[in-house]
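Structure record follows, encoded as C-alpha cells.
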There are 2 protein chains.
Amino acid sequence: MNQGSDIQTARSGRVTIRTVAEHAGVSVAAVSKVMRNAYGVSAALRAKVEASIAALNYRPSAAARGMRGQTYTIGVLMADIKNPFFPQLIDGIDDGLVGTQYVPLYGVGHGSSTTETAIVHALVDRQMDGIIMIGQRLTDAEVEAVARELPVAVIGHHPPPEATFDSANNDDERGGALVVEYLLSQGYKRPAMITLRRADLGQADVSQRRELGFVAAMRAAGFADSAIRIAPAADDLDDVTATVRALLDSPEPPDAIFGWADYYALEVLSALRALGLRVPEDIGVIGYDNSPPCAYTQNDLTSIDQSGREIGRNAARLLLERIAGRTTADHFLAVPKVSERGSTRSK
Amino acid sequence: MNQGSDIQTARSGRVTIRTVAEHAGVSVAAVSKVMRNAYGVSAALRAKVEASIAALNYRPSAAARGMRGQTYTIGVLMADIKNPFFPQLIDGIDDGLVGTQYVPLYGVGHGSSTTETAIVHALVDRQMDGIIMIGQRLTDAEVEAVARELPVAVIGHHPPPEATFDSANNDDERGGALVVEYLLSQGYKRPAMITLRRADLGQADVSQRRELGFVAAMRAAGFADSAIRIAPAADDLDDVTATVRALLDSPEPPDAIFGWADYYALEVLSALRALGLRVPEDIGVIGYDNSPPCAYTQNDLTSIDQSGREIGRNAARLLLERIAGRTTADHFLAVPKVSERGSTRSK
DNA sequence: GCCATTTCGTATAACGTTCTCTGTAGATCG
DNA sequence: CGATCTACAGAGAACGTTATACGAAATGGC
C-alpha cells in the first residue's frame, strides 16, 4: 500500500498547495508560510516557492482557507440597491480595500428584515472575515449578536454609545440643520421636509437624525413647533407625489421642500413639475447625498454632500483595524456641506 | 489515550454538525444526509435530527461544505453598479433563486478588465456553484475558460454560436430597429443615435447590436448610409453633452436622438435642456431599458422596455439547470417593446 | 423458516488549507 | 570545543463538511 498522500498531483484539474510544494520540492507547510508571509522562511526558499506559484498559476482555495484561517473576504450587506447614493459608498469600500488581499462581496436585501437576516447568516456561514452593513433594518441587538462572532461596521446608522461595533457616517443631525440654515440664508421663509415613512425605516436612523437637525435649526431660527412641517412618505413615486400635493394644499404651503435623500427629492421635483410649478421660482427643492443625477440640467438639484466615498473608505479601514486586533468601538463622522445648484434660488 | 475524536462539543462557540449529531444521538453522517435530503434516512431519524437542528439553531458552514460538495452560492459579477437598469436584473436573479438554498453574492468591477478578472478569480476560489456575469468586459475565450470549471451564464452579451456557456438577453437588434420604426411612425424625419464609445465596450455587445438594428431599419426605411448618424460618446456627462452639441451643429441636425441606454438618454436630455431646447417639441428623445427615472416628470422619457427582471430570472434558471446537470448551451431572449412617454411627441 | 433484497445507519477517508510542534543545522559564546 | 541559541524547514493534526463503502436489520418471496 502507498502511504496516505502518494506523489500524484491533484486529481481534479485544480492546482493546490500540494502541487506547488511538489513542483518546488518543498513541504506543504513551507508554501503556506510563503502565502501568508509568515515568519521562518529564507529568501532562497521564498524565491523557489514564488517561482513555482507563478509557473503553476496557483491560487489558494478560499473555502479551504476559511476552515482554519481567514477567507480574505469582506461581506457587505446592502439594504437595497436602488438608492443612487450607494455606488459612492461601494467605490469607497473598494478604495479602502485596494492593495490588501481582501475582496468585498455584496449581498442585497430587498427591504424585508428576514431577507437581511438570511443574508447576514449567509455571510457569516461563508466565513467572512468581517461584515459591513449599509442601511440595515436589523436591530442593534441583532447586530451585536453578529459582532460577537466577527468584526462589524455599519453605515447609515448611528449606534448607541454602548455598542461594541464600529460605524461610518456623516453628521446627519448637522446636515439637517445645514439645510435649514442654507434655505433661510437664501431667503426662503417656510421650509418643509419630506422624510422616510417610519414603517420603512428599520434601524437605519439617518432620516430621523436629519429630522432632529431640521427641527432644532428651525426652532433656533424662531419657528414655532406648529410651523415646523415634516411629512413622511413611503418609498414610492406615487406616495411622494401625494404627500407633496397635501403639503401644497395646506393653509400655509411651504416655499421650499427638503427631501431627506436625493431619490426622494428627485420625486419631489417630479411632483412639482407635474403640478406645473417652477423650480426655483415658485418653490425651492433641496436633497441629500449629492448623487450624480443632481448634476443633470433637468434636475439641477441642490444637495447636501455627505462624502459617501470617504464614508465607505473609512468603513473599510475600521473593519481592517478590527481584523488586525482592535477591540474597542470606533466611529467615523464626515462633515456635511451644501452643494449648491439651480433648484434653490440664490439671493 | 482517547480515540481521535473524543466526545466533547465543539471548542469554539459555533455549533457544528458534530454538536447536532451528539444532541440527537446519531452519527454525523446521518445529520449530513438530512441536510442534503440524501437517500437512506427514515422518517423517525429525520424528525429527531430536524428537532436537534432547530433546538441548536444549526447552520452548516458553507466553507466546509465547499471543500467537498457545494457551497450553495451563486457568484454574480456586475461590470459596474451605476447603471440604473441593473437593479431590475438583480431583482430577477433573486426571483429565480427564491425557494432554493442558493444565495447570490455580488462582486462589482469598475470598468477595468483586470478588476473583473480578479473578481471572477475570487468567485471561483470561493467555490461558487455557478457564476452570472453582467456586462462583463472579459473576452469570450476568458469566459470559456471559466465555464470549463463551473456553470456560467452571461447577461448583456450575445455569445457566438459555438460558445459553451448560457446567456440571457433581450433582442437588442430588434430593439434598435424598433426605435427607428417607432420614431418614424411618430413623424420624426431624421433620427440619430448616441452609442457607447468602442473603448468602453469590452465584450458587452448590446450597444453594437442596437446599432445594427438601428442601421438596418433606417436602410429599410429608405435612408442612405450617409444619412444614418451614429455618434459614440464616453460614459460621462460632459462627453455626452459635447456629442449632442456636435450633432446639433451638423448640416442636417437630427430631430430625434436615441440614447443606447437610459442613463445616456438622461444625459442627452440634460444637454438639450442646457441648450434651451424643448422636448419633444424641438427634438425627441428615446432611451433603452425603461428604468425607474424614466417615469419622473422632469425626464418623462420614452424608452424600450427589455424586461430586465425576466432576464435576471432566466439567467438564474439557466444556471440552476446547469448545476442540475445540463451540459449544452441554452439562451434566453426577451422581446423588446416601446414604453411611450412625453419625450417623443405622438401624432 | 431460509435466502435474497431492500432499507437504513454509521465509520471513515477525503477536501485544501493553517498552525503548532518538533527537529536540525549553523552560529555564537564561555 | 562543548553547550546554548537562533533561524529555518517539515510533520501532522486539526477545521466542518460530503460521500463512499460497509454492516445490520427489516422485509419479502417461496
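Identifiers in the C-alpha cells: chain A, B, ... in order shown; residue index from 1 per chain; ligand index from 1 in order shown.
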Any chance you could lay chain B over chain A, fitting all C-alpha atoms in order by least squares, and write the moved chain as a short mmCIF file (atom, residue, chain, number, x, y, z; two decimals) with C-alpha atoms, in the first residue's frame?
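And here is the file that came out, part.cif:
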data_model
loop_
_atom_site.label_atom_id
_atom_site.label_comp_id
_atom_site.auth_asym_id
_atom_site.auth_seq_id
_atom_site.Cartn_x
_atom_site.Cartn_y
_atom_site.Cartn_z
CA MET B 1 0.55 -0.14 0.59
CA ASN B 2 1.39 3.46 -0.16
CA GLN B 3 1.52 5.89 2.67
CA GLY B 4 -1.58 8.03 2.97
CA SER B 5 -0.64 10.86 0.73
CA ASP B 6 1.11 9.32 -2.29
CA ILE B 7 3.08 11.44 -4.71
CA GLN B 8 0.46 12.06 -7.34
CA THR B 9 -0.67 15.51 -8.30
CA ALA B 10 -4.17 16.63 -7.53
CA ARG B 11 -6.75 14.48 -9.21
CA SER B 12 -9.01 17.24 -10.43
CA GLY B 13 -7.54 19.84 -12.74
CA ARG B 14 -7.14 22.34 -9.96
CA VAL B 15 -3.61 23.13 -8.81
CA THR B 16 -3.43 22.98 -5.04
CA ILE B 17 -0.85 23.83 -2.45
CA ARG B 18 0.42 20.26 -2.77
CA THR B 19 1.03 20.64 -6.48
CA VAL B 20 3.09 23.73 -5.79
CA ALA B 21 5.02 22.01 -3.01
CA GLU B 22 5.93 19.12 -5.29
CA HIS B 23 6.87 21.40 -8.13
CA ALA B 24 9.14 23.46 -5.90
CA GLY B 25 10.48 20.43 -4.08
CA VAL B 26 9.49 21.73 -0.66
CA SER B 27 6.91 20.93 1.97
CA VAL B 28 3.30 21.99 1.91
CA ALA B 29 3.90 23.94 5.09
CA ALA B 30 6.62 25.96 3.40
CA VAL B 31 4.26 27.02 0.63
CA SER B 32 1.64 27.97 3.16
CA LYS B 33 4.14 30.13 4.99
CA VAL B 34 5.11 31.94 1.83
CA MET B 35 1.46 32.56 1.00
CA ARG B 36 0.83 34.04 4.41
CA ASN B 37 4.09 35.96 4.71
CA ALA B 38 4.63 33.97 7.88
CA TYR B 39 7.80 33.91 9.91
CA GLY B 40 10.58 31.42 9.28
CA VAL B 41 11.20 31.34 5.54
CA SER B 42 14.51 32.11 3.87
CA ALA B 43 14.89 34.27 0.82
CA ALA B 44 15.99 31.28 -1.24
CA LEU B 45 12.99 29.19 -0.29
CA ARG B 46 10.65 32.09 -0.85
CA ALA B 47 12.08 32.62 -4.33
CA LYS B 48 11.73 28.97 -5.25
CA VAL B 49 8.15 28.81 -4.05
CA GLU B 50 7.16 32.05 -5.69
CA ALA B 51 8.57 30.84 -8.97
CA SER B 52 6.48 27.69 -8.74
CA ILE B 53 3.40 29.64 -7.81
CA ALA B 54 3.85 31.82 -10.85
CA ALA B 55 4.66 28.89 -13.12
CA LEU B 56 1.63 26.89 -12.04
CA ASN B 57 -0.64 29.89 -11.70
CA TYR B 58 -1.61 28.82 -8.22
CA ARG B 59 -4.43 30.47 -6.31
CA PRO B 60 -5.36 29.18 -2.89
CA SER B 61 -8.86 27.91 -2.27
CA ALA B 62 -10.63 30.43 -0.09
CA ALA B 63 -13.02 27.74 1.06
CA ALA B 64 -10.20 25.62 2.42
CA ARG B 65 -8.54 28.65 3.93
CA GLY B 66 -11.74 29.54 5.69
CA MET B 67 -11.75 26.25 7.54
CA ARG B 68 -8.74 27.16 9.59
CA GLY B 69 -7.67 30.71 8.92
CA GLN B 70 -9.08 33.66 7.08
CA THR B 71 -11.01 33.82 3.82
CA TYR B 72 -9.78 37.32 2.97
CA THR B 73 -13.35 38.19 2.12
CA ILE B 74 -15.39 41.10 3.43
CA GLY B 75 -19.13 40.64 3.30
CA VAL B 76 -21.25 43.70 2.64
CA LEU B 77 -24.97 43.78 3.28
CA MET B 78 -26.75 46.42 1.20
CA ALA B 79 -30.27 47.02 2.43
CA ASP B 80 -31.33 47.93 -1.07
CA ILE B 81 -29.67 48.68 -4.35
CA LYS B 82 -31.86 51.38 -5.85
CA ASN B 83 -30.57 54.31 -3.85
CA PRO B 84 -28.28 56.21 -6.26
CA PHE B 85 -26.09 57.14 -3.31
CA PHE B 86 -24.84 53.62 -2.64
CA PRO B 87 -22.43 53.37 -5.56
CA GLN B 88 -20.34 56.08 -3.92
CA LEU B 89 -20.13 54.03 -0.74
CA ILE B 90 -19.09 50.98 -2.71
CA ASP B 91 -16.39 52.93 -4.52
CA GLY B 92 -15.15 54.00 -1.11
CA ILE B 93 -15.12 50.48 0.29
CA ASP B 94 -13.13 49.37 -2.73
CA ASP B 95 -10.70 52.22 -2.16
CA GLY B 96 -10.20 51.13 1.40
CA LEU B 97 -9.51 47.54 0.41
CA VAL B 98 -7.24 48.18 -2.55
CA GLY B 99 -3.73 46.92 -2.02
CA THR B 100 -4.89 44.36 0.54
CA GLN B 101 -5.73 40.74 -0.12
CA TYR B 102 -9.33 41.35 0.87
CA VAL B 103 -12.17 41.08 -1.62
CA PRO B 104 -15.59 42.60 -0.92
CA LEU B 105 -18.66 40.54 -1.82
CA TYR B 106 -22.08 42.10 -1.66
CA GLY B 107 -25.43 40.70 -0.62
CA VAL B 108 -28.56 42.70 -1.32
CA GLY B 109 -31.66 42.62 0.86
CA HIS B 110 -34.87 43.97 -0.55
CA GLY B 111 -36.44 45.82 2.30
CA SER B 112 -37.51 42.87 4.40
CA SER B 113 -35.61 42.24 7.59
CA THR B 114 -35.97 38.48 7.22
CA THR B 115 -34.12 38.69 3.92
CA GLU B 116 -31.44 40.72 5.63
CA THR B 117 -31.11 38.20 8.39
CA ALA B 118 -30.78 35.44 5.84
CA ILE B 119 -28.06 37.35 4.02
CA VAL B 120 -26.12 38.08 7.17
CA HIS B 121 -26.32 34.42 8.10
CA ALA B 122 -25.16 33.50 4.63
CA LEU B 123 -22.18 35.82 5.02
CA VAL B 124 -21.28 34.46 8.44
CA ASP B 125 -21.64 30.87 7.24
CA ARG B 126 -19.28 31.63 4.40
CA GLN B 127 -16.64 32.62 6.93
CA MET B 128 -16.32 36.25 6.01
CA ASP B 129 -13.51 37.93 7.90
CA GLY B 130 -15.72 40.93 8.59
CA ILE B 131 -19.07 42.43 7.63
CA ILE B 132 -20.16 45.91 6.62
CA MET B 133 -23.87 46.66 6.82
CA ILE B 134 -25.35 49.53 4.84
CA GLY B 135 -28.71 50.89 5.94
CA GLN B 136 -29.66 47.64 7.63
CA ARG B 137 -33.05 47.11 9.22
CA LEU B 138 -31.67 44.72 11.82
CA THR B 139 -31.92 45.88 15.41
CA ASP B 140 -28.85 46.83 17.41
CA ALA B 141 -29.27 43.65 19.44
CA GLU B 142 -29.15 41.57 16.29
CA VAL B 143 -26.11 43.41 15.01
CA GLU B 144 -24.44 42.96 18.39
CA ALA B 145 -25.04 39.23 18.13
CA VAL B 146 -23.24 39.15 14.80
CA ALA B 147 -20.49 41.42 16.10
CA ARG B 148 -19.73 38.90 18.82
CA GLU B 149 -18.74 36.42 16.11
CA LEU B 150 -16.78 38.71 13.79
CA PRO B 151 -15.88 42.35 13.11
CA VAL B 152 -18.83 44.49 12.02
CA ALA B 153 -19.05 48.08 10.81
CA VAL B 154 -22.32 49.79 9.95
CA ILE B 155 -23.06 52.64 7.54
CA GLY B 156 -26.27 54.67 7.66
CA HIS B 157 -26.96 54.07 11.32
CA HIS B 158 -25.61 55.78 14.41
CA PRO B 159 -25.13 53.10 17.05
CA PRO B 160 -25.78 53.86 20.72
CA PRO B 161 -22.77 54.70 22.90
CA GLU B 162 -22.67 51.25 24.46
CA ALA B 163 -22.50 49.48 21.08
CA THR B 164 -19.45 47.31 20.54
CA PHE B 165 -19.35 47.59 16.75
CA ASP B 166 -17.92 50.32 14.52
CA SER B 167 -19.70 52.80 12.29
CA ALA B 168 -19.05 55.29 9.51
CA ASN B 169 -21.48 58.08 8.77
CA ASN B 170 -21.79 61.75 8.16
CA ASP B 171 -23.20 64.05 10.81
CA ASP B 172 -26.83 63.75 9.79
CA GLU B 173 -28.10 66.00 12.55
CA ARG B 174 -25.73 68.74 11.44
CA GLY B 175 -26.79 68.10 7.84
CA GLY B 176 -30.45 68.58 8.69
CA ALA B 177 -29.65 71.86 10.42
CA LEU B 178 -27.46 72.92 7.51
CA VAL B 179 -30.43 72.61 5.16
CA VAL B 180 -32.47 75.05 7.25
CA GLU B 181 -29.63 77.51 7.65
CA TYR B 182 -28.93 77.45 3.94
CA LEU B 183 -32.57 77.79 2.86
CA LEU B 184 -33.19 80.71 5.22
CA SER B 185 -30.02 82.41 4.04
CA GLN B 186 -31.36 82.13 0.50
CA GLY B 187 -34.47 83.99 1.54
CA TYR B 188 -36.90 81.09 1.91
CA LYS B 189 -39.49 81.65 4.62
CA ARG B 190 -41.30 78.35 5.10
CA PRO B 191 -39.16 75.24 4.56
CA ALA B 192 -40.80 71.83 4.92
CA MET B 193 -39.24 68.39 4.99
CA ILE B 194 -40.35 65.15 3.36
CA THR B 195 -38.96 62.20 5.23
CA LEU B 196 -38.94 58.42 5.16
CA ARG B 197 -42.07 56.77 6.48
CA ARG B 198 -41.45 55.17 9.88
CA ALA B 199 -42.56 51.74 8.70
CA ASP B 200 -39.81 51.75 6.06
CA LEU B 201 -37.17 52.89 8.47
CA GLY B 202 -35.90 49.85 10.30
CA GLN B 203 -32.82 50.61 12.30
CA ALA B 204 -31.36 52.94 9.69
CA ASP B 205 -31.85 56.19 11.53
CA VAL B 206 -30.27 58.73 9.22
CA SER B 207 -33.59 60.25 8.15
CA GLN B 208 -34.59 60.66 11.80
CA ARG B 209 -31.30 62.36 12.59
CA ARG B 210 -31.81 64.75 9.74
CA GLU B 211 -35.30 65.48 11.10
CA LEU B 212 -33.82 66.27 14.51
CA GLY B 213 -31.34 68.69 13.01
CA PHE B 214 -34.04 70.23 10.85
CA VAL B 215 -36.32 70.79 13.84
CA ALA B 216 -33.56 72.15 16.06
CA ALA B 217 -32.44 74.66 13.45
CA MET B 218 -36.02 75.75 12.76
CA ARG B 219 -36.57 76.37 16.45
CA ALA B 220 -33.29 78.21 16.71
CA ALA B 221 -34.49 80.44 13.87
CA GLY B 222 -37.60 81.30 15.83
CA PHE B 223 -40.20 79.00 14.26
CA ALA B 224 -43.00 77.76 16.50
CA ASP B 225 -43.34 73.98 16.62
CA SER B 226 -46.70 74.25 14.86
CA ALA B 227 -44.94 75.88 11.91
CA ILE B 228 -42.39 73.10 11.51
CA ARG B 229 -43.65 70.72 8.85
CA ILE B 230 -42.21 67.22 8.49
CA ALA B 231 -44.22 64.95 6.22
CA PRO B 232 -43.46 61.21 6.00
CA ALA B 233 -43.87 59.40 2.68
CA ALA B 234 -43.45 55.82 1.52
CA ASP B 235 -40.52 54.94 -0.70
CA ASP B 236 -42.59 55.29 -3.85
CA LEU B 237 -43.16 57.92 -6.54
CA ASP B 238 -46.94 57.97 -6.14
CA ASP B 239 -46.86 58.43 -2.41
CA VAL B 240 -44.25 61.16 -2.57
CA THR B 241 -46.38 62.90 -5.19
CA ALA B 242 -49.46 62.69 -2.97
CA THR B 243 -47.51 63.98 0.01
CA VAL B 244 -46.22 66.97 -1.94
CA ARG B 245 -49.76 67.79 -3.06
CA ALA B 246 -51.02 67.61 0.52
CA LEU B 247 -48.27 69.98 1.65
CA LEU B 248 -49.09 72.48 -1.06
CA ASP B 249 -52.83 72.32 -0.32
CA SER B 250 -52.27 73.17 3.34
CA PRO B 251 -53.14 76.67 4.69
CA GLU B 252 -49.55 77.87 4.80
CA PRO B 253 -47.86 75.98 1.97
CA PRO B 254 -44.06 75.70 2.10
CA ASP B 255 -41.88 77.74 -0.24
CA ALA B 256 -39.08 75.16 -0.14
CA ILE B 257 -39.05 71.38 0.26
CA PHE B 258 -36.21 69.32 1.67
CA GLY B 259 -36.18 65.69 0.53
CA TRP B 260 -34.41 63.58 3.16
CA ALA B 261 -32.43 61.86 0.38
CA ASP B 262 -31.79 62.72 -3.26
CA TYR B 263 -34.01 60.03 -4.63
CA TYR B 264 -36.89 61.49 -2.65
CA ALA B 265 -36.01 65.01 -3.74
CA LEU B 266 -35.97 63.88 -7.38
CA GLU B 267 -39.48 62.56 -6.88
CA VAL B 268 -40.47 65.86 -5.26
CA LEU B 269 -39.20 67.63 -8.38
CA SER B 270 -41.26 65.24 -10.47
CA ALA B 271 -44.38 66.02 -8.46
CA LEU B 272 -43.83 69.79 -8.66
CA ARG B 273 -43.26 69.70 -12.41
CA ALA B 274 -46.40 67.62 -12.80
CA LEU B 275 -48.30 70.38 -10.99
CA GLY B 276 -46.84 72.98 -13.33
CA LEU B 277 -44.80 74.72 -10.65
CA ARG B 278 -41.48 76.31 -11.48
CA VAL B 279 -38.32 75.48 -9.53
CA PRO B 280 -36.78 77.53 -8.00
CA GLU B 281 -39.05 80.52 -8.80
CA ASP B 282 -42.25 79.13 -7.26
CA ILE B 283 -40.67 76.74 -4.83
CA GLY B 284 -37.18 75.59 -3.88
CA VAL B 285 -36.04 71.99 -3.57
CA ILE B 286 -33.02 70.56 -1.82
CA GLY B 287 -31.86 66.95 -1.48
CA TYR B 288 -29.29 65.02 0.49
CA ASP B 289 -26.39 62.87 -0.81
CA ASN B 290 -25.24 64.89 -3.82
CA SER B 291 -25.56 61.86 -6.06
CA PRO B 292 -24.79 62.04 -9.82
CA PRO B 293 -28.35 62.77 -11.08
CA CYS B 294 -28.26 66.09 -9.21
CA ALA B 295 -25.98 67.41 -11.93
CA TYR B 296 -28.40 66.77 -14.80
CA THR B 297 -29.88 70.01 -16.11
CA GLN B 298 -33.43 68.72 -15.78
CA ASN B 299 -32.81 68.14 -12.06
CA ASP B 300 -30.17 70.75 -11.25
CA LEU B 301 -30.69 69.80 -7.65
CA THR B 302 -29.03 71.51 -4.71
CA SER B 303 -28.00 68.81 -2.26
CA ILE B 304 -26.07 68.13 0.93
CA ASP B 305 -22.83 66.35 0.17
CA GLN B 306 -22.00 63.74 2.77
CA SER B 307 -18.76 62.47 1.20
CA GLY B 308 -20.05 58.98 0.57
CA ARG B 309 -16.80 57.75 -0.85
CA GLU B 310 -14.94 58.81 2.25
CA ILE B 311 -17.53 57.11 4.43
CA GLY B 312 -17.08 53.86 2.52
CA ARG B 313 -13.31 54.12 2.70
CA ASN B 314 -13.42 54.62 6.44
CA ALA B 315 -15.83 51.75 7.01
CA ALA B 316 -13.30 49.49 5.28
CA ARG B 317 -10.47 50.97 7.31
CA LEU B 318 -12.29 50.44 10.59
CA LEU B 319 -13.04 46.85 9.69
CA LEU B 320 -9.43 46.12 8.76
CA GLU B 321 -8.31 47.59 12.06
CA ARG B 322 -10.71 45.28 13.85
CA ILE B 323 -9.44 42.29 11.95
CA ALA B 324 -5.93 43.36 12.90
CA GLY B 325 -6.94 43.22 16.54
CA ARG B 326 -8.64 46.37 17.81
CA THR B 327 -11.37 45.46 20.29
CA THR B 328 -12.96 48.76 21.26
CA ALA B 329 -15.58 50.48 19.14
CA ASP B 330 -14.56 53.33 16.86
CA HIS B 331 -16.64 55.65 14.73
CA PHE B 332 -16.11 57.89 11.74
CA LEU B 333 -18.16 61.04 11.13
CA ALA B 334 -17.92 63.08 7.94
CA VAL B 335 -18.86 66.73 7.85
CA PRO B 336 -21.80 67.56 5.54
CA LYS B 337 -21.70 70.57 3.26
CA VAL B 338 -24.02 72.28 0.79
CA SER B 339 -23.54 71.62 -2.90
CA GLU B 340 -25.47 74.47 -4.45
CA ARG B 341 -27.33 74.21 -7.76
CA GLY B 342 -30.26 75.79 -9.53
CA SER B 343 -33.12 74.24 -7.56
CA THR B 344 -32.70 76.82 -4.80
CA ARG B 345 -32.61 80.43 -5.87
CA SER B 346 -29.61 82.46 -4.80
CA LYS B 347 -30.20 85.88 -3.32
#
Distance-based interface of chain D with chain A, 8 Å, counting only C-alpha atoms (C1' of nucleotides), as a VMD selection string: chain D and resid 7 to 10 15 to 16
Item checked: alpha helix (DSSP H) residues, from DSSP on the backbone, in stretch 120-260 of chain B, as a ChimeraX atom specification -> /B:120-125,140-149,172-185,206-220,237-249
Please dump the current selection as a PDB file, in the first residue's frame; keep C-alpha atoms.
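Dumped everything to selection11.pdb:
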ATOM      1  CA  VAL B 120     -14.028  36.229 -11.233  1.00  0.00           C
ATOM      2  CA  HIS B 121     -10.982  34.527  -9.751  1.00  0.00           C
ATOM      3  CA  ALA B 122     -12.156  35.482  -6.300  1.00  0.00           C
ATOM      4  CA  LEU B 123     -15.547  33.937  -7.030  1.00  0.00           C
ATOM      5  CA  VAL B 124     -14.038  30.739  -8.404  1.00  0.00           C
ATOM      6  CA  ASP B 125     -11.629  30.471  -5.472  1.00  0.00           C
ATOM      7  CA  ASP B 140     -15.310  35.015 -24.865  1.00  0.00           C
ATOM      8  CA  ALA B 141     -12.123  32.969 -24.553  1.00  0.00           C
ATOM      9  CA  GLU B 142     -11.717  34.070 -20.951  1.00  0.00           C
ATOM     10  CA  VAL B 143     -15.335  33.321 -20.168  1.00  0.00           C
ATOM     11  CA  GLU B 144     -14.971  29.915 -21.809  1.00  0.00           C
ATOM     12  CA  ALA B 145     -12.013  29.199 -19.555  1.00  0.00           C
ATOM     13  CA  VAL B 146     -14.138  29.907 -16.501  1.00  0.00           C
ATOM     14  CA  ALA B 147     -17.056  27.950 -17.939  1.00  0.00           C
ATOM     15  CA  ARG B 148     -14.854  24.879 -18.145  1.00  0.00           C
ATOM     16  CA  GLU B 149     -14.571  24.947 -14.353  1.00  0.00           C
ATOM     17  CA  ASP B 172     -31.095  44.109 -28.918  1.00  0.00           C
ATOM     18  CA  GLU B 173     -31.034  44.129 -32.696  1.00  0.00           C
ATOM     19  CA  ARG B 174     -34.814  44.070 -32.786  1.00  0.00           C
ATOM     20  CA  GLY B 175     -34.853  46.784 -30.126  1.00  0.00           C
ATOM     21  CA  GLY B 176     -32.643  49.052 -32.205  1.00  0.00           C
ATOM     22  CA  ALA B 177     -34.936  48.580 -35.197  1.00  0.00           C
ATOM     23  CA  LEU B 178     -37.986  49.152 -33.019  1.00  0.00           C
ATOM     24  CA  VAL B 179     -36.663  52.591 -32.081  1.00  0.00           C
ATOM     25  CA  VAL B 180     -36.469  53.627 -35.733  1.00  0.00           C
ATOM     26  CA  GLU B 181     -39.868  52.217 -36.600  1.00  0.00           C
ATOM     27  CA  TYR B 182     -41.447  53.951 -33.642  1.00  0.00           C
ATOM     28  CA  LEU B 183     -39.771  57.324 -34.235  1.00  0.00           C
ATOM     29  CA  LEU B 184     -40.722  57.350 -37.922  1.00  0.00           C
ATOM     30  CA  SER B 185     -44.291  56.399 -37.067  1.00  0.00           C
ATOM     31  CA  VAL B 206     -25.546  45.159 -26.576  1.00  0.00           C
ATOM     32  CA  SER B 207     -24.910  48.709 -27.784  1.00  0.00           C
ATOM     33  CA  GLN B 208     -23.415  47.347 -31.012  1.00  0.00           C
ATOM     34  CA  ARG B 209     -26.423  45.110 -31.555  1.00  0.00           C
ATOM     35  CA  ARG B 210     -28.725  48.042 -31.093  1.00  0.00           C
ATOM     36  CA  GLU B 211     -26.647  49.962 -33.652  1.00  0.00           C
ATOM     37  CA  LEU B 212     -27.035  47.113 -36.134  1.00  0.00           C
ATOM     38  CA  GLY B 213     -30.791  47.095 -35.709  1.00  0.00           C
ATOM     39  CA  PHE B 214     -30.898  50.872 -35.939  1.00  0.00           C
ATOM     40  CA  VAL B 215     -28.930  50.883 -39.193  1.00  0.00           C
ATOM     41  CA  ALA B 216     -30.912  48.038 -40.739  1.00  0.00           C
ATOM     42  CA  ALA B 217     -34.231  49.705 -40.004  1.00  0.00           C
ATOM     43  CA  MET B 218     -33.012  53.058 -41.310  1.00  0.00           C
ATOM     44  CA  ARG B 219     -31.927  51.426 -44.544  1.00  0.00           C
ATOM     45  CA  ALA B 220     -35.197  49.570 -44.798  1.00  0.00           C
ATOM     46  CA  LEU B 237     -21.988  63.647 -18.770  1.00  0.00           C
ATOM     47  CA  ASP B 238     -19.539  66.110 -20.313  1.00  0.00           C
ATOM     48  CA  ASP B 239     -18.727  63.956 -23.285  1.00  0.00           C
ATOM     49  CA  VAL B 240     -22.358  63.142 -23.982  1.00  0.00           C
ATOM     50  CA  THR B 241     -23.111  66.860 -23.814  1.00  0.00           C
ATOM     51  CA  ALA B 242     -20.336  67.640 -26.295  1.00  0.00           C
ATOM     52  CA  THR B 243     -21.524  64.885 -28.615  1.00  0.00           C
ATOM     53  CA  VAL B 244     -25.079  66.196 -28.585  1.00  0.00           C
ATOM     54  CA  ARG B 245     -23.826  69.688 -29.414  1.00  0.00           C
ATOM     55  CA  ALA B 246     -21.773  68.347 -32.315  1.00  0.00           C
ATOM     56  CA  LEU B 247     -24.813  66.533 -33.688  1.00  0.00           C
ATOM     57  CA  LEU B 248     -26.950  69.634 -33.495  1.00  0.00           C
ATOM     58  CA  ASP B 249     -24.282  71.797 -35.135  1.00  0.00           C
TER      59      ASP B 249
END
Taking a cut-off of 6 Å and counting only C-alpha atoms (C1' of nucleotides), can you build a table that, for each residue of chain C near chain A, reports the nearest atom pair and how far apart they are in Å (one decimal), sorted by chain then residue number, as a Markdown table?
| residue | atom | partner | partner_atom | distance |
| --- | --- | --- | --- | --- |
| C:DG16 | C1' | A:Ala64 | CA | 5.0 |
| C:DT17 | C1' | A:Arg65 | CA | 4.8 |
| C:DT18 | C1' | A:Arg68 | CA | 5.4 |
